[in-house]
Amino acid sequence: MNWINVIFLLIIIFLLMFLYTFIERYWIQIKHYKIKMRKKSFAGFKIVFLSDIHHSKIVTKRYIKNIVEKVNELKPDIIILGGDYVSSELKYVGPVFDELKRLNASKGVYGVLGNHDIYVSKDKVLTAMKNANIKPLDNQSYWINHLNDHIKLGGVSDFLYDKPDISNTISDVSSDDFVILVSHNPDYIEEIKNYPIDLMLSGHTHGGQVTIFGMYAPYIPSNYHQKFRSGLKTINEIKLIITNGVGVVGLPIRFFARPQIVMIELKN
């Protein structure tokens, strides 16, 4: 093979990789996790976690409709939303929640706001969320009852643009309770050492969105960089799941950071 053929082959490879970045953003992964807990009544309980939709001109309503259908097909007991429903324009708030109101879970749909939502309009996003029958989790919490037992689900406001307050989540829990905390930004876990949280769910990082073959991301919106890029971590004895999210922001591409719908099954 002469050098002209080598250059031609490299150009073909580069073009294929370039085209793939536009394709991967639609290649949705159902990411499964099994989380151990002590409450036998909740064995098999299914939680779907969905984050970073970023409705905009590059994340269309048709794409969001497809996401909603995929989530509902999983038949979750509860659906949790991790924020950033829109990217930067108020006009997308209504349409995204027109689709999200079709989410269906036997124990309800809950969600926090992300930094982009607060930037666009915290009040209007919260109103649209409530109108879509999504229970707000920002600095709030709920007991989720199932059979003869319960778990605690709480959330905090965005770590960057608001004032997260965990007190509502932990004020009435005991050592026997299983506690889930939702924080759009995973960095918040470093602020809650020695708190009675079993599982924390976050988004925000997009898995880097564009990575070097899934091993390293040149840019991650976290003070802890690669540490909080994606996946299951254990920080201060708390299980932390960071999703890649389903939308994109900035460039309409992903590379080895596939969009994710997270399915969590609780087990004994």
# chains A, B, ... in the order shown; residues from 1 in each chain; ligands from 1

call {"tool": "closest_atom_pairs", "arguments": {"of": "segment 227-264 of chain A", "to": "segment 31-47 of chain A", "cutoff": "8 Å", "atoms": "only C-alpha atoms", "output": "JSON lines"}}
result
{"residue": "A:Gln260", "atom": "CA", "partner": "A:Lys31", "partner_atom": "CA", "distance": 6.2}
{"residue": "A:Ile261", "atom": "CA", "partner": "A:Lys31", "partner_atom": "CA", "distance": 6.1}
{"residue": "A:Val262", "atom": "CA", "partner": "A:Lys31", "partner_atom": "CA", "distance": 4.8}
{"residue": "A:Met263", "atom": "CA", "partner": "A:His32", "partner_atom": "CA", "distance": 4.8}
{"residue": "A:Ile264", "atom": "CA", "partner": "A:Tyr33", "partner_atom": "CA", "distance": 4.8}

call {"tool": "residues_around", "arguments": {"residues": "Gly208 of chain A", "least_positions_apart": "4", "cutoff": "7 Å", "atoms": "only C-alpha atoms", "output": "count of residues only"}}
result
5

call {"tool": "closest_residue", "arguments": {"among": "A:Asp117, A:Asp52, A:Asp149, A:Glu89", "to": "Asp177 of chain A", "atoms": "only C-alpha atoms"}}
result
A:Asp149

call {"tool": "select_by_dssp", "arguments": {"residues": "segment 15-152 of chain A", "states": "helix (DSSP H, G or I)", "output": "PyMOL selection string"}}
result
chain A and resi 15-24+40-42+61-73+90-100+115-131

call {"tool": "atom_distance", "arguments": {"atom1": "atom CA of Leu240 of chain A", "atom2": "atom CA of Leu160 of chain A"}}
result
18.6 Å

call {"tool": "closest_residue", "arguments": {"among": "A:Ser175, A:Pro95, A:Asp165, A:Leu90", "to": "Asp123 of chain A", "atoms": "only C-alpha atoms"}}
result
A:Leu90

call {"tool": "residues_around", "arguments": {"residues": "Ser174 of chain A", "least_positions_apart": "4", "cutoff": "9 Å", "atoms": "only C-alpha atoms", "output": "list in words"}}
result
Ile170, Phe178 and Pro196 of chain A

call {"tool": "residues_around", "arguments": {"residues": "Ile238 of chain A", "least_positions_apart": "2", "cutoff": "9 Å", "atoms": "only C-alpha atoms", "output": "short mmCIF file (atom, residue, chain, number, x, y, z; two decimals) with C-alpha atoms, in the first residue's frame"}}
result
data_model
loop_
_atom_site.label_atom_id
_atom_site.label_comp_id
_atom_site.auth_asym_id
_atom_site.auth_seq_id
_atom_site.Cartn_x
_atom_site.Cartn_y
_atom_site.Cartn_z
CA ILE A 189 -22.34 14.64 46.48
CA LYS A 193 -20.53 13.50 53.52
CA TYR A 195 -25.57 12.13 55.32
CA PRO A 196 -28.12 9.27 55.38
CA ILE A 197 -28.39 8.90 51.59
CA ASP A 198 -28.25 5.48 49.95
CA LEU A 199 -28.51 6.41 46.28
CA MET A 200 -28.01 9.68 44.42
CA LYS A 233 -19.71 5.47 41.54
CA THR A 234 -19.45 5.06 45.28
CA ILE A 235 -18.67 8.35 47.00
CA ASN A 236 -18.61 8.65 50.79
CA LEU A 240 -24.07 7.65 42.68
#

call {"tool": "decode", "arguments": {"residues": "segment 32-67 of chain A", "atoms": "N, CA and C atoms", "output": "PDB file, in the first residue's frame"}}
result
ATOM      1  N   HIS A  32     -28.911  -0.419  32.375  1.00  0.00           N
ATOM      2  CA  HIS A  32     -29.501  -1.132  33.507  1.00  0.00           C
ATOM      3  C   HIS A  32     -28.562  -1.144  34.706  1.00  0.00           C
ATOM      4  N   TYR A  33     -29.143  -0.912  35.868  1.00  0.00           N
ATOM      5  CA  TYR A  33     -28.418  -1.044  37.134  1.00  0.00           C
ATOM      6  C   TYR A  33     -29.295  -1.822  38.113  1.00  0.00           C
ATOM      7  N   LYS A  34     -28.656  -2.611  38.963  1.00  0.00           N
ATOM      8  CA  LYS A  34     -29.343  -3.258  40.077  1.00  0.00           C
ATOM      9  C   LYS A  34     -28.729  -2.733  41.365  1.00  0.00           C
ATOM     10  N   ILE A  35     -29.570  -2.186  42.218  1.00  0.00           N
ATOM     11  CA  ILE A  35     -29.107  -1.576  43.465  1.00  0.00           C
ATOM     12  C   ILE A  35     -29.662  -2.371  44.647  1.00  0.00           C
ATOM     13  N   LYS A  36     -28.770  -2.801  45.497  1.00  0.00           N
ATOM     14  CA  LYS A  36     -29.161  -3.614  46.647  1.00  0.00           C
ATOM     15  C   LYS A  36     -29.689  -2.735  47.772  1.00  0.00           C
ATOM     16  N   MET A  37     -30.743  -3.229  48.430  1.00  0.00           N
ATOM     17  CA  MET A  37     -31.321  -2.522  49.570  1.00  0.00           C
ATOM     18  C   MET A  37     -31.866  -3.551  50.554  1.00  0.00           C
ATOM     19  N   ARG A  38     -32.253  -3.086  51.725  1.00  0.00           N
ATOM     20  CA  ARG A  38     -32.678  -4.001  52.785  1.00  0.00           C
ATOM     21  C   ARG A  38     -34.177  -4.311  52.749  1.00  0.00           C
ATOM     22  N   LYS A  39     -34.971  -3.501  52.104  1.00  0.00           N
ATOM     23  CA  LYS A  39     -36.424  -3.636  52.171  1.00  0.00           C
ATOM     24  C   LYS A  39     -36.921  -4.679  51.164  1.00  0.00           C
ATOM     25  N   LYS A  40     -37.372  -5.827  51.682  1.00  0.00           N
ATOM     26  CA  LYS A  40     -37.789  -6.925  50.823  1.00  0.00           C
ATOM     27  C   LYS A  40     -39.024  -6.581  49.992  1.00  0.00           C
ATOM     28  N   SER A  41     -39.879  -5.719  50.528  1.00  0.00           N
ATOM     29  CA  SER A  41     -41.104  -5.362  49.803  1.00  0.00           C
ATOM     30  C   SER A  41     -40.805  -4.670  48.481  1.00  0.00           C
ATOM     31  N   PHE A  42     -39.632  -4.043  48.383  1.00  0.00           N
ATOM     32  CA  PHE A  42     -39.279  -3.290  47.185  1.00  0.00           C
ATOM     33  C   PHE A  42     -38.451  -4.105  46.196  1.00  0.00           C
ATOM     34  N   ALA A  43     -38.232  -5.372  46.461  1.00  0.00           N
ATOM     35  CA  ALA A  43     -37.481  -6.200  45.520  1.00  0.00           C
ATOM     36  C   ALA A  43     -38.188  -6.224  44.166  1.00  0.00           C
ATOM     37  N   GLY A  44     -37.466  -5.884  43.127  1.00  0.00           N
ATOM     38  CA  GLY A  44     -38.050  -5.834  41.783  1.00  0.00           C
ATOM     39  C   GLY A  44     -38.662  -4.501  41.422  1.00  0.00           C
ATOM     40  N   PHE A  45     -38.672  -3.548  42.348  1.00  0.00           N
ATOM     41  CA  PHE A  45     -39.215  -2.206  42.094  1.00  0.00           C
ATOM     42  C   PHE A  45     -38.372  -1.527  41.016  1.00  0.00           C
ATOM     43  N   LYS A  46     -39.032  -0.959  39.998  1.00  0.00           N
ATOM     44  CA  LYS A  46     -38.317  -0.396  38.850  1.00  0.00           C
ATOM     45  C   LYS A  46     -38.392   1.136  38.827  1.00  0.00           C
ATOM     46  N   ILE A  47     -37.228   1.734  38.731  1.00  0.00           N
ATOM     47  CA  ILE A  47     -37.107   3.190  38.645  1.00  0.00           C
ATOM     48  C   ILE A  47     -36.481   3.541  37.306  1.00  0.00           C
ATOM     49  N   VAL A  48     -37.127   4.405  36.552  1.00  0.00           N
ATOM     50  CA  VAL A  48     -36.507   4.946  35.331  1.00  0.00           C
ATOM     51  C   VAL A  48     -36.046   6.369  35.616  1.00  0.00           C
ATOM     52  N   PHE A  49     -34.793   6.623  35.284  1.00  0.00           N
ATOM     53  CA  PHE A  49     -34.195   7.948  35.482  1.00  0.00           C
ATOM     54  C   PHE A  49     -33.857   8.530  34.117  1.00  0.00           C
ATOM     55  N   LEU A  50     -34.366   9.727  33.859  1.00  0.00           N
ATOM     56  CA  LEU A  50     -34.227  10.393  32.565  1.00  0.00           C
ATOM     57  C   LEU A  50     -33.766  11.821  32.800  1.00  0.00           C
ATOM     58  N   SER A  51     -32.739  12.252  32.093  1.00  0.00           N
ATOM     59  CA  SER A  51     -32.202  13.587  32.357  1.00  0.00           C
ATOM     60  C   SER A  51     -31.703  14.252  31.075  1.00  0.00           C
ATOM     61  N   ASP A  52     -31.523  15.568  31.158  1.00  0.00           N
ATOM     62  CA  ASP A  52     -30.865  16.372  30.120  1.00  0.00           C
ATOM     63  C   ASP A  52     -31.490  16.183  28.744  1.00  0.00           C
ATOM     64  N   ILE A  53     -32.777  16.489  28.655  1.00  0.00           N
ATOM     65  CA  ILE A  53     -33.489  16.397  27.383  1.00  0.00           C
ATOM     66  C   ILE A  53     -33.066  17.530  26.447  1.00  0.00           C
ATOM     67  N   HIS A  54     -32.963  18.735  26.971  1.00  0.00           N
ATOM     68  CA  HIS A  54     -32.479  19.901  26.209  1.00  0.00           C
ATOM     69  C   HIS A  54     -33.293  20.148  24.936  1.00  0.00           C
ATOM     70  N   HIS A  55     -34.603  20.256  25.083  1.00  0.00           N
ATOM     71  CA  HIS A  55     -35.441  20.552  23.919  1.00  0.00           C
ATOM     72  C   HIS A  55     -35.000  21.870  23.281  1.00  0.00           C
ATOM     73  N   SER A  56     -34.771  21.819  21.988  1.00  0.00           N
ATOM     74  CA  SER A  56     -34.297  22.978  21.229  1.00  0.00           C
ATOM     75  C   SER A  56     -34.510  22.683  19.754  1.00  0.00           C
ATOM     76  N   LYS A  57     -33.986  23.529  18.909  1.00  0.00           N
ATOM     77  CA  LYS A  57     -34.152  23.270  17.476  1.00  0.00           C
ATOM     78  C   LYS A  57     -33.376  22.031  17.036  1.00  0.00           C
ATOM     79  N   ILE A  58     -32.374  21.613  17.821  1.00  0.00           N
ATOM     80  CA  ILE A  58     -31.609  20.419  17.441  1.00  0.00           C
ATOM     81  C   ILE A  58     -32.045  19.169  18.206  1.00  0.00           C
ATOM     82  N   VAL A  59     -32.855  19.340  19.260  1.00  0.00           N
ATOM     83  CA  VAL A  59     -33.471  18.203  19.963  1.00  0.00           C
ATOM     84  C   VAL A  59     -34.971  18.371  19.782  1.00  0.00           C
ATOM     85  N   THR A  60     -35.514  17.662  18.825  1.00  0.00           N
ATOM     86  CA  THR A  60     -36.867  17.931  18.360  1.00  0.00           C
ATOM     87  C   THR A  60     -37.942  17.287  19.229  1.00  0.00           C
ATOM     88  N   LYS A  61     -39.160  17.776  19.043  1.00  0.00           N
ATOM     89  CA  LYS A  61     -40.307  17.217  19.748  1.00  0.00           C
ATOM     90  C   LYS A  61     -40.544  15.765  19.329  1.00  0.00           C
ATOM     91  N   ARG A  62     -40.271  15.452  18.084  1.00  0.00           N
ATOM     92  CA  ARG A  62     -40.418  14.076  17.604  1.00  0.00           C
ATOM     93  C   ARG A  62     -39.460  13.145  18.345  1.00  0.00           C
ATOM     94  N   TYR A  63     -38.233  13.595  18.562  1.00  0.00           N
ATOM     95  CA  TYR A  63     -37.247  12.795  19.302  1.00  0.00           C
ATOM     96  C   TYR A  63     -37.712  12.590  20.743  1.00  0.00           C
ATOM     97  N   ILE A  64     -38.242  13.641  21.366  1.00  0.00           N
ATOM     98  CA  ILE A  64     -38.712  13.544  22.749  1.00  0.00           C
ATOM     99  C   ILE A  64     -39.900  12.590  22.838  1.00  0.00           C
ATOM    100  N   LYS A  65     -40.773  12.645  21.846  1.00  0.00           N
ATOM    101  CA  LYS A  65     -41.909  11.712  21.816  1.00  0.00           C
ATOM    102  C   LYS A  65     -41.418  10.272  21.802  1.00  0.00           C
ATOM    103  N   ASN A  66     -40.378   9.993  21.040  1.00  0.00           N
ATOM    104  CA  ASN A  66     -39.787   8.660  20.981  1.00  0.00           C
ATOM    105  C   ASN A  66     -39.210   8.257  22.341  1.00  0.00           C
ATOM    106  N   ILE A  67     -38.574   9.192  23.019  1.00  0.00           N
ATOM    107  CA  ILE A  67     -38.018   8.932  24.354  1.00  0.00           C
ATOM    108  C   ILE A  67     -39.149   8.543  25.317  1.00  0.00           C
TER     109      ILE A  67
END
